[in-house]
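Down below is the structure, laid out as structure tokens.
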Amino acid sequence: MTNKVYIESLGCSKNLVDSEVMLGLLLQGGFEIVYFPEKAEIIIINTCSFVENATNEAIETIYSLSREKDQGVCQYLIVCGCLPQRYGSELLKEMPEVDLFLGTGEFQNISSHIDKMISGKIKERMLNSSGTFLMDDKIPRALISPGSSSYIKIAEGCSHKCTYCTIPSIRGEYQQRTQTSVLNEAIKLAEQGIEEINLVAQDTSRFKGLPVLLKKMAKIDGLKWIRLLYCHPLNMSEDLIKVISEEEKVCKYIDIPLQHIADRVLKRMGRRINREQTENLILKMKAKIPDIALRTTMILGFPGETDKDFEELLGFVKDTKFDSLGAFVYSDEEGTAASRLKGKIPKKIKKVRFKELMRLQADISRKKNSARKGKEIDVLVEGISINKKYLLQGRAEFQAPEVDGVVYLTDNVPIGSFVKVKIKHSLTYDFVGRVL
């Protein structure tokens, strides 16, 4: 029987959790996981298609790995996740090299689907039933992320209906796990040596009972950091802010994608929040949590965004001084309300605006980082440094995995450990530190 499987996971951390679930299920089903596609008899690609760039990356990866069917030992190619869920039967003619497509409501049956595919019992190549699978603590999961950091996906889908977003059509309406399920998974991860848990969802802050959950998680032995990612500003309650302020293990870090600040753009985006409400929220968070690190994302070149709107955004970023900021250049996504809006911004202008915003943020980051020189911080050591000048690298409490900067270390210490570090140098986004 064909049983050597390789998984390529694309997209965000939420997709990574789905890939880890598939790995756990495959191991439970008796499959062997290999780490190089050329050794695999079955290749699985877990795709993202949230935006145009993600869709293009997914397509390129599929075509690239499909060559293993001709050049290697691969016999079957399976594509999972958002791409088949979004485009469905359109992919069947475009990608004849793919043996099976599984949507977001089918990947939990990956083992049985493979068994049926090998035995010829699957009649349809496209299985993308409506809805998205909501995992719980009972389902097996094999961790991909290295070291002692991991993610817990606490909810699926989104009900905000922002005009530019494809997530509701791909992942469905918002549905959350039970507090008990999330807590049990956190306990399991801690027992496996995980010391940092990052809570993720399309809208993490909407989770009912999140403040209570965070208090319970903070009591788990072995956990040191609990981090919130993807918080919608509408759901940042007083209770949630209070828990972040008071609980030592809850990172003083909030990832809160704002997308824009000009009221007329926010309205066209369907964000249901205005500038005044946003500024009041930020002031409240900074007052209640003085050492808070704020991360946000912005969308540039949204249909109808004027020069005045963009200047307003620049002024807001300059005044707020986010610790981290990412940006997307807007692109029309098929089926969204925004794709039908008038006032499209030329690509050239969008690129200019993107560069100007990121230059501003780089200047802000340099100044904020420079102020940390000489300070002592706790660092989670993650692995070998990607910068060959240094031995290792890790992250501080104010740095989320993959999206923020890192701390380069000049000393050799155990990977996965927490160490006290004195910052020697600051870079635009990163630091160089000496272990004390």
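Convention: chains lettered A, B, ... in structure tokens order; per-chain residue numbering from 1; ligands numbered from 1 as shown.
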
**Request:** Could you give me, as a PyMOL selection string, the residues within 10 Å of Arg264 of chain A, counting only C-alpha atoms and dropping anything in the same chain fewer than 2 positions from it?
**Result:** chain A and resi 260-262+266-269+274-275+304-306+309

**Prompt:** Which polymer residues have any atom within 12 Å of an atom of Pro346 of chain A, counting only C-alpha atoms, with same-chain residues fewer than 4 positions away left out, as a list in words?
**Reply:** Leu300, Gly301, Phe302, Pro303, Gly304, Glu305, Thr306, Val329, Tyr330, Ser331, Lys350, Lys351, Val352 and Arg353 of chain A

Export N, CA and C atoms of the chosen residues as an mmCIF file, in the first residue's frame?
data_model
loop_
_atom_site.group_PDB
_atom_site.id
_atom_site.type_symbol
_atom_site.label_atom_id
_atom_site.label_comp_id
_atom_site.auth_asym_id
_atom_site.auth_seq_id
_atom_site.Cartn_x
_atom_site.Cartn_y
_atom_site.Cartn_z
ATOM 1 N N LEU A 300 -3.970 49.170 1.483
ATOM 2 C CA LEU A 300 -3.714 50.387 0.710
ATOM 3 C C LEU A 300 -4.315 50.276 -0.686
ATOM 4 N N GLY A 301 -4.814 51.408 -1.182
ATOM 5 C CA GLY A 301 -5.357 51.432 -2.530
ATOM 6 C C GLY A 301 -6.736 50.838 -2.641
ATOM 7 N N PHE A 302 -7.509 50.861 -1.565
ATOM 8 C CA PHE A 302 -8.895 50.391 -1.622
ATOM 9 C C PHE A 302 -9.686 51.283 -2.577
ATOM 10 N N PRO A 303 -10.636 50.730 -3.327
ATOM 11 C CA PRO A 303 -11.396 51.544 -4.287
ATOM 12 C C PRO A 303 -11.946 52.823 -3.652
ATOM 13 N N GLY A 304 -11.645 53.940 -4.272
ATOM 14 C CA GLY A 304 -12.124 55.223 -3.780
ATOM 15 C C GLY A 304 -11.194 55.895 -2.795
ATOM 16 N N GLU A 305 -10.084 55.256 -2.407
ATOM 17 C CA GLU A 305 -9.148 55.868 -1.474
ATOM 18 C C GLU A 305 -8.469 57.068 -2.145
ATOM 19 N N THR A 306 -8.700 58.239 -1.607
ATOM 20 C CA THR A 306 -8.133 59.460 -2.178
ATOM 21 C C THR A 306 -6.760 59.751 -1.562
ATOM 22 N N VAL A 329 -1.470 45.516 -0.422
ATOM 23 C CA VAL A 329 -1.948 46.316 -1.538
ATOM 24 C C VAL A 329 -3.257 45.688 -1.997
ATOM 25 N N TYR A 330 -4.315 46.476 -2.025
ATOM 26 C CA TYR A 330 -5.636 45.939 -2.363
ATOM 27 C C TYR A 330 -5.664 45.319 -3.760
ATOM 28 N N SER A 331 -6.342 44.185 -3.858
ATOM 29 C CA SER A 331 -6.620 43.572 -5.159
ATOM 30 C C SER A 331 -8.070 43.088 -5.166
ATOM 31 N N LYS A 350 -0.879 52.543 -5.995
ATOM 32 C CA LYS A 350 -0.949 51.637 -4.850
ATOM 33 C C LYS A 350 0.446 51.265 -4.362
ATOM 34 N N LYS A 351 1.347 50.998 -5.302
ATOM 35 C CA LYS A 351 2.718 50.630 -4.932
ATOM 36 C C LYS A 351 3.443 51.793 -4.271
ATOM 37 N N VAL A 352 3.225 53.002 -4.780
ATOM 38 C CA VAL A 352 3.852 54.189 -4.192
ATOM 39 C C VAL A 352 3.363 54.378 -2.760
ATOM 40 N N ARG A 353 2.060 54.221 -2.551
ATOM 41 C CA ARG A 353 1.486 54.385 -1.212
ATOM 42 C C ARG A 353 2.024 53.308 -0.261
#

**Request:** Using DSSP on the backbone, list every residue of segment 117-213 of chain A that comes out as helix (DSSP H, G or I), and give them as an MDAnalysis selection string.
**Result:** chainID A and resid 117:119 167:171 179:191 204:206 210:213

**Item:** Using only C-alpha atoms: which of A:Glu52, A:Asp203, A:Glu94, A:Asp18 has the shortest distance to Glu334 of chain A
**Value:** A:Glu52

**10 Å contact set for Pro146 of chain A, only C-alpha atoms, chain neighbours under 5 positions out, as a list in words** = Ile194, Glu382, Gly383, Ile415 and Gly416 of chain A

**Request:** Determine, counting only C-alpha atoms, which protein, DNA and RNA residues have an atom within 10 Å of an atom of Met22 of chain A; residues of the same chain fewer than 2 positions away are not included. Present the result as an MDAnalysis selection string.
**Result:** chainID A and resid 7 16:20 24:28 44 46 107:111 139:142

Please produce an output containing N, CA and C atoms for each residue in the selection, written as an mmCIF file, in the first residue's frame.
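Generated file (selection_2.cif):
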data_model
loop_
_atom_site.group_PDB
_atom_site.id
_atom_site.type_symbol
_atom_site.label_atom_id
_atom_site.label_comp_id
_atom_site.auth_asym_id
_atom_site.auth_seq_id
_atom_site.Cartn_x
_atom_site.Cartn_y
_atom_site.Cartn_z
ATOM 1 N N ILE A 7 3.478 16.715 3.308
ATOM 2 C CA ILE A 7 2.505 17.814 3.334
ATOM 3 C C ILE A 7 3.218 19.142 3.175
ATOM 4 N N LEU A 16 -1.836 26.351 9.147
ATOM 5 C CA LEU A 16 -0.821 25.470 9.718
ATOM 6 C C LEU A 16 -1.445 24.491 10.709
ATOM 7 N N VAL A 17 -2.381 24.978 11.520
ATOM 8 C CA VAL A 17 -3.067 24.104 12.466
ATOM 9 C C VAL A 17 -3.821 22.998 11.715
ATOM 10 N N ASP A 18 -4.505 23.353 10.614
ATOM 11 C CA ASP A 18 -5.197 22.343 9.809
ATOM 12 C C ASP A 18 -4.225 21.288 9.284
ATOM 13 N N SER A 19 -3.052 21.740 8.857
ATOM 14 C CA SER A 19 -2.038 20.808 8.354
ATOM 15 C C SER A 19 -1.556 19.885 9.466
ATOM 16 N N GLU A 20 -1.404 20.430 10.670
ATOM 17 C CA GLU A 20 -0.979 19.609 11.807
ATOM 18 C C GLU A 20 -2.041 18.579 12.177
ATOM 19 N N GLY A 24 -1.571 14.532 12.141
ATOM 20 C CA GLY A 24 -1.962 13.675 13.261
ATOM 21 C C GLY A 24 -2.877 12.552 12.830
ATOM 22 N N LEU A 25 -3.831 12.872 11.971
ATOM 23 C CA LEU A 25 -4.767 11.866 11.472
ATOM 24 C C LEU A 25 -4.062 10.831 10.599
ATOM 25 N N LEU A 26 -3.127 11.279 9.784
ATOM 26 C CA LEU A 26 -2.393 10.360 8.904
ATOM 27 C C LEU A 26 -1.503 9.423 9.713
ATOM 28 N N LEU A 27 -0.848 9.932 10.729
ATOM 29 C CA LEU A 27 -0.033 9.077 11.594
ATOM 30 C C LEU A 27 -0.906 8.056 12.305
ATOM 31 N N GLN A 28 -2.057 8.504 12.770
ATOM 32 C CA GLN A 28 -3.006 7.606 13.417
ATOM 33 C C GLN A 28 -3.498 6.535 12.441
ATOM 34 N N ILE A 44 0.502 16.107 -0.391
ATOM 35 C CA ILE A 44 -0.682 16.882 -0.010
ATOM 36 C C ILE A 44 -0.288 18.351 0.077
ATOM 37 N N ASN A 46 -1.787 21.899 1.338
ATOM 38 C CA ASN A 46 -2.859 22.610 2.035
ATOM 39 C C ASN A 46 -2.781 24.080 1.645
ATOM 40 N N PHE A 107 -11.093 17.848 5.114
ATOM 41 C CA PHE A 107 -9.725 17.420 5.411
ATOM 42 C C PHE A 107 -9.639 16.542 6.663
ATOM 43 N N GLN A 108 -10.666 16.627 7.564
ATOM 44 C CA GLN A 108 -10.632 15.801 8.771
ATOM 45 C C GLN A 108 -10.815 14.314 8.460
ATOM 46 N N ASN A 109 -11.238 14.017 7.217
ATOM 47 C CA ASN A 109 -11.403 12.623 6.793
ATOM 48 C C ASN A 109 -10.285 12.211 5.831
ATOM 49 N N ILE A 110 -9.136 12.850 5.957
ATOM 50 C CA ILE A 110 -8.044 12.663 4.999
ATOM 51 C C ILE A 110 -7.612 11.210 4.866
ATOM 52 N N SER A 111 -7.519 10.480 5.956
ATOM 53 C CA SER A 111 -7.046 9.091 5.895
ATOM 54 C C SER A 111 -8.003 8.208 5.106
ATOM 55 N N ILE A 139 -9.245 15.450 18.600
ATOM 56 C CA ILE A 139 -8.652 15.093 17.309
ATOM 57 C C ILE A 139 -7.128 15.101 17.420
ATOM 58 N N PRO A 140 -6.452 14.117 16.823
ATOM 59 C CA PRO A 140 -4.984 14.085 16.907
ATOM 60 C C PRO A 140 -4.349 15.226 16.127
ATOM 61 N N ARG A 141 -3.179 15.625 16.584
ATOM 62 C CA ARG A 141 -2.470 16.737 15.937
ATOM 63 C C ARG A 141 -0.970 16.541 16.114
ATOM 64 N N ALA A 142 -0.227 16.592 15.020
ATOM 65 C CA ALA A 142 1.230 16.458 15.067
ATOM 66 C C ALA A 142 1.848 17.809 14.763
#

**Request:** Identify, on the basis of only C-alpha atoms, every residue whose closest approach to Ile170 of chain A does not exceed 10 Å; exclude the query and any residue fewer than 3 positions from it along the same chain; express the result as a list in words.
**Result:**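 Selected residues are Ser49, Phe50, Gly81, Cys82, Leu83, Pro84, Gln85, Arg86, Tyr87, Gly103, Thr104, Ser130, Gly131, Thr132, Gly157, Cys158, Cys165, Thr166, Ile167 and Glu173 of chain A.
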
**Fill in**
atom CA of Ser159 of chain A sits from atom CA of Met298 of chain A at a separation of 19.9 Å

**Asked** Between A:Cys231, A:Tyr6, A:Glu279, A:Gly120, which one has atoms that come closest to Phe316 of chain A, using only C-alpha atoms?
**Response**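 The shortest atom-to-atom distance to Phe316 of chain A comes from A:Glu279.
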
Extract, using only C-alpha atoms, all DNA, RNA and protein residues at most 7 Å from Tyr151 of chain A, discarding same-chain residues fewer than 6 positions from it, and format them as a compact mmCIF listing (two decimals) with C-alpha atoms, in the first residue's frame.
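Heads up, here's the output in part.txt:
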# COMPACT_ATOMS: atom_id res chain seq x y z
CA VAL A 17 -3.07 24.10 12.47
CA ILE A 197 0.58 29.37 22.96
CA ASN A 198 -0.71 31.75 20.29
CA LEU A 199 -4.50 31.89 20.08
CA VAL A 200 -5.72 32.34 16.50

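You will find atom CA of Ser339 of chain A at 13.1 Å from atom CA of Gly270 of chain A.
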
**Request:** Check the DSSP output for the backbone and give back, as a VMD selection string, the residues of segment 130-305 of chain A in strand (DSSP E).
**Result:** chain A and resid 149 to 153 155 to 156 175 to 176 196 to 200 225 to 228 250 to 255 293 to 300

**Request:** Would you work out the distance separating atom CA of Ser169 of chain A from atom CA of Pro257 of chain A, expressed in Å to one decimal?
**Result:**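 It comes out at 19.8 Å.
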
**Message:** Please list as a list of chain:residue names every residue within 9 Å of Leu234 of chain A, counting only C-alpha atoms and excluding residues in the same chain fewer than 3 positions away.
**Reply:** A:Ser205, A:Arg206, A:Cys231, A:Ser237, A:Arg271, A:Arg272, A:Ile273, A:Gln277, A:Thr278

**Prompt:** Looking at only C-alpha atoms, which of A:Val265, A:Lys14, A:Tyr230, A:Ile220 is the one that sits closest to Arg171 of chain A?
**Reply:** A:Lys14
